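Here the structure is laid out as C-alpha coordinates; the discussion comes afterwards.
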Amino acid sequence: MTKALLSLAVAALLTVPGPAHAQQSASQQEIRQAIWDSYNYSKENLADPVGTYSADGAREFWSSGGLVQNVPADAPRNEYDAFSLTPKHIRIMMLADDQVGVAHFYAEGAFKVKGQPAVTDYMTRVTQVFVNEGGQWKVRASHFSPIVGGSGTPQRALEN
(Lines give C-alpha, C1' and ligand atoms only; values in the text may rest on other atoms or scores of the structure.)
Protein backbone atom coordinates (compact mmCIF):
# COMPACT_ATOMS: atom_id res chain seq x y z
CA MET A 1 0.00 0.00 0.00
CA THR A 2 2.75 2.46 0.97
CA LYS A 3 4.71 1.68 -2.18
CA ALA A 4 1.60 2.32 -4.31
CA LEU A 5 0.94 5.66 -2.56
CA LEU A 6 4.56 6.70 -3.01
CA SER A 7 4.43 5.83 -6.72
CA LEU A 8 1.21 7.81 -7.10
CA ALA A 9 2.72 10.83 -5.32
CA VAL A 10 5.85 10.76 -7.49
CA ALA A 11 3.74 10.48 -10.66
CA ALA A 12 1.62 13.44 -9.55
CA LEU A 13 4.70 15.56 -8.88
CA LEU A 14 6.17 14.72 -12.28
CA THR A 15 3.06 16.02 -14.05
CA VAL A 16 3.05 19.41 -12.30
CA PRO A 17 4.52 22.05 -14.62
CA GLY A 18 7.65 23.82 -13.44
CA PRO A 19 7.82 27.57 -12.84
CA ALA A 20 9.03 28.27 -16.41
CA HIS A 21 5.86 26.88 -17.95
CA ALA A 22 3.31 27.22 -15.17
CA GLN A 23 0.20 29.13 -16.21
CA GLN A 24 1.60 30.50 -19.46
CA SER A 25 -0.78 32.51 -21.59
CA ALA A 26 -1.24 31.69 -25.26
CA SER A 27 0.82 34.79 -26.10
CA GLN A 28 3.70 33.63 -23.92
CA GLN A 29 3.63 30.22 -25.56
CA GLU A 30 3.60 31.82 -29.03
CA ILE A 31 6.62 34.03 -28.21
CA ARG A 32 8.51 31.07 -26.74
CA GLN A 33 7.77 29.13 -29.94
CA ALA A 34 8.87 32.09 -32.11
CA ILE A 35 12.23 32.12 -30.29
CA TRP A 36 12.70 28.36 -30.75
CA ASP A 37 11.61 28.54 -34.39
CA SER A 38 14.13 31.30 -35.12
CA TYR A 39 17.09 29.42 -33.60
CA ASN A 40 16.03 26.11 -35.19
CA TYR A 41 15.64 27.78 -38.59
CA SER A 42 19.20 29.11 -38.37
CA LYS A 43 20.50 25.66 -37.39
CA GLU A 44 18.73 23.94 -40.28
CA ASN A 45 19.27 26.60 -42.99
CA LEU A 46 22.56 28.22 -41.88
CA ALA A 47 20.91 31.63 -42.26
CA ASP A 48 18.78 33.92 -40.17
CA PRO A 49 15.05 33.67 -40.86
CA VAL A 50 13.36 36.45 -42.83
CA GLY A 51 10.52 38.54 -41.41
CA THR A 52 11.32 38.33 -37.70
CA TYR A 53 11.69 42.09 -37.15
CA SER A 54 8.86 44.55 -36.59
CA ALA A 55 7.70 46.59 -39.59
CA ASP A 56 9.15 49.55 -37.62
CA GLY A 57 12.54 47.81 -37.32
CA ALA A 58 14.30 47.26 -34.01
CA ARG A 59 16.81 48.87 -31.71
CA GLU A 60 19.54 46.52 -30.47
CA PHE A 61 22.63 46.32 -28.29
CA TRP A 62 24.85 43.54 -29.63
CA SER A 63 27.11 41.28 -27.57
CA SER A 64 30.11 42.61 -29.53
CA GLY A 65 29.69 45.92 -27.73
CA GLY A 66 29.52 49.35 -29.24
CA LEU A 67 26.67 51.77 -29.66
CA VAL A 68 23.00 50.97 -30.03
CA GLN A 69 22.08 49.72 -33.51
CA ASN A 70 18.96 50.68 -35.44
CA VAL A 71 18.01 47.61 -37.43
CA PRO A 72 15.54 48.08 -40.29
CA ALA A 73 12.82 45.49 -40.85
CA ASP A 74 14.49 44.45 -44.10
CA ALA A 75 18.06 44.27 -42.73
CA PRO A 76 20.33 41.81 -44.56
CA ARG A 77 20.29 38.47 -42.81
CA ASN A 78 23.38 36.64 -41.64
CA GLU A 79 24.47 33.50 -43.43
CA TYR A 80 26.51 30.95 -41.52
CA ASP A 81 29.15 28.30 -42.14
CA ALA A 82 28.11 26.78 -38.79
CA PHE A 83 25.38 27.49 -36.23
CA SER A 84 24.60 25.64 -33.00
CA LEU A 85 23.17 28.33 -30.72
CA THR A 86 20.40 27.22 -28.39
CA PRO A 87 18.10 29.37 -26.26
CA LYS A 88 17.83 28.29 -22.62
CA HIS A 89 15.74 29.20 -19.58
CA ILE A 90 13.25 31.34 -21.52
CA ARG A 91 11.07 33.55 -19.32
CA ILE A 92 8.40 35.82 -20.81
CA MET A 93 6.30 38.58 -19.28
CA MET A 94 3.43 40.22 -21.10
CA LEU A 95 2.70 43.95 -21.27
CA ALA A 96 0.16 46.27 -22.92
CA ASP A 97 -2.87 43.99 -22.96
CA ASP A 98 -0.86 41.02 -24.26
CA GLN A 99 0.29 42.93 -27.35
CA VAL A 100 3.89 43.27 -26.13
CA GLY A 101 6.05 40.57 -24.57
CA VAL A 102 9.50 40.75 -23.01
CA ALA A 103 11.59 37.59 -23.21
CA HIS A 104 14.65 36.94 -21.06
CA PHE A 105 16.84 33.93 -21.82
CA TYR A 106 20.36 32.67 -22.42
CA ALA A 107 21.82 31.78 -25.80
CA GLU A 108 24.68 29.28 -25.80
CA GLY A 109 26.64 27.44 -28.43
CA ALA A 110 28.87 28.29 -31.39
CA PHE A 111 28.51 29.91 -34.78
CA LYS A 112 30.49 31.20 -37.72
CA VAL A 113 29.10 33.99 -39.88
CA LYS A 114 30.35 33.62 -43.46
CA GLY A 115 33.51 35.66 -43.94
CA GLN A 116 34.05 36.22 -40.21
CA PRO A 117 35.96 34.36 -37.49
CA ALA A 118 34.18 31.56 -35.65
CA VAL A 119 32.73 32.18 -32.19
CA THR A 120 33.30 28.85 -30.49
CA ASP A 121 32.03 29.46 -26.95
CA TYR A 122 29.17 31.93 -27.22
CA MET A 123 27.31 32.51 -23.95
CA THR A 124 25.07 35.53 -23.60
CA ARG A 125 22.05 36.84 -21.76
CA VAL A 126 19.29 37.97 -24.09
CA THR A 127 16.42 40.39 -23.54
CA GLN A 128 14.05 40.77 -26.48
CA VAL A 129 10.89 42.81 -26.80
CA PHE A 130 8.25 41.29 -29.09
CA VAL A 131 5.23 43.10 -30.53
CA ASN A 132 2.14 41.48 -32.00
CA GLU A 133 1.79 42.58 -35.62
CA GLY A 134 -1.13 41.02 -37.44
CA GLY A 135 -1.11 37.95 -35.21
CA GLN A 136 2.65 37.35 -35.54
CA TRP A 137 5.27 38.12 -32.90
CA LYS A 138 8.03 40.40 -34.21
CA VAL A 139 11.25 41.62 -32.56
CA ARG A 140 11.16 45.35 -31.69
CA ALA A 141 14.21 45.55 -29.40
CA SER A 142 17.06 43.29 -28.28
CA HIS A 143 19.93 43.41 -25.82
CA PHE A 144 22.62 40.72 -25.95
CA SER A 145 24.92 40.77 -22.92
CA PRO A 146 27.90 38.38 -22.96
CA ILE A 147 28.62 36.22 -19.95
CA VAL A 148 32.30 36.70 -19.18
CA GLY A 149 34.58 36.65 -16.17
CA GLY A 150 34.03 39.64 -13.96
CA SER A 151 31.86 40.76 -11.14
CA GLY A 152 28.43 42.22 -10.81
CA THR A 153 26.62 43.51 -7.79
CA PRO A 154 26.76 41.62 -4.49
CA GLN A 155 23.02 40.88 -4.68
CA ARG A 156 21.89 37.30 -4.38
CA ALA A 157 19.56 35.66 -6.88
CA LEU A 158 15.89 35.80 -6.05
CA GLU A 159 14.11 32.53 -5.61
CA ASN A 160 11.59 31.63 -8.34
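In the C-alpha coordinates, chains take letters A, B, ... by order of appearance, with residues numbered from 1 within each chain and ligands from 1 in the order shown.
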task: Would you mind listing what lies within 9 Å of Asn40 (chain A) as number ranges by chain, with only C-alpha atoms counted and same-chain residues fewer than 5 positions away left out?
output: A: 35, 45, 84-86
- request: Identify, on the basis of only C-alpha atoms, every residue whose closest approach to Asp97 (chain A) does not exceed 12 Å; exclude the query and any residue fewer than 2 positions from it along the same chain; express the result as an MDAnalysis selection string.
  value: chainID A and resid 25 27 93:95 99:101 131:132
message: Would you pick out the contacts of Arg77 (chain A) at 8 Å or less, using only C-alpha atoms, so that residues sharing its chain but fewer than 5 positions from it are not included, and give the list as a list in words?
response: Ala47, Asp48, Pro49 and Val50 of chain A
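The space between CA of Asp81 (chain A) and CA of Val113 (chain A) spans 6.1 Å.
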- request: May I have the residues within 10 Å of region 61-68 of chain A as an MDAnalysis selection string, using only C-alpha atoms and disregarding those fewer than 2 positions away in the same chain?
  value: chainID A and resid 59 70:71 122:127 141:147
message: I want to know what sits within 12 Å of region 36-38 of chain A, based on only C-alpha atoms, with residues of the same chain fewer than 5 positions away left out; could you give that as a PyMOL selection string?
response: chain A and resi 29-31+43-53+83+85-90+103+105+107+137-139
Selected residue, from A:Glu60, A:Val119, A:Gln69, A:Glu79, that lies nearest to Tyr41 (chain A) when counting only C-alpha atoms: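 Going through A:Glu60, A:Val119, A:Gln69, A:Glu79 one by one, the smallest distance to Tyr41 (chain A) is for A:Glu79.
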message: So, with only C-alpha atoms as the atoms that count, which of A:Tyr80, A:Gln24, A:Tyr39, A:His104 lies closest to Phe130 (chain A)?
response: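 The shortest atom-to-atom distance to Phe130 (chain A) comes from A:His104.
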task: Apply DSSP to the structure's backbone, then extract all residues of region 39-78 of chain A labelled strand (DSSP E or B) and return them as JSON, numbers by chain.
output: {"A": [47, 53, 58, 59, 60, 61, 69, 70, 71]}
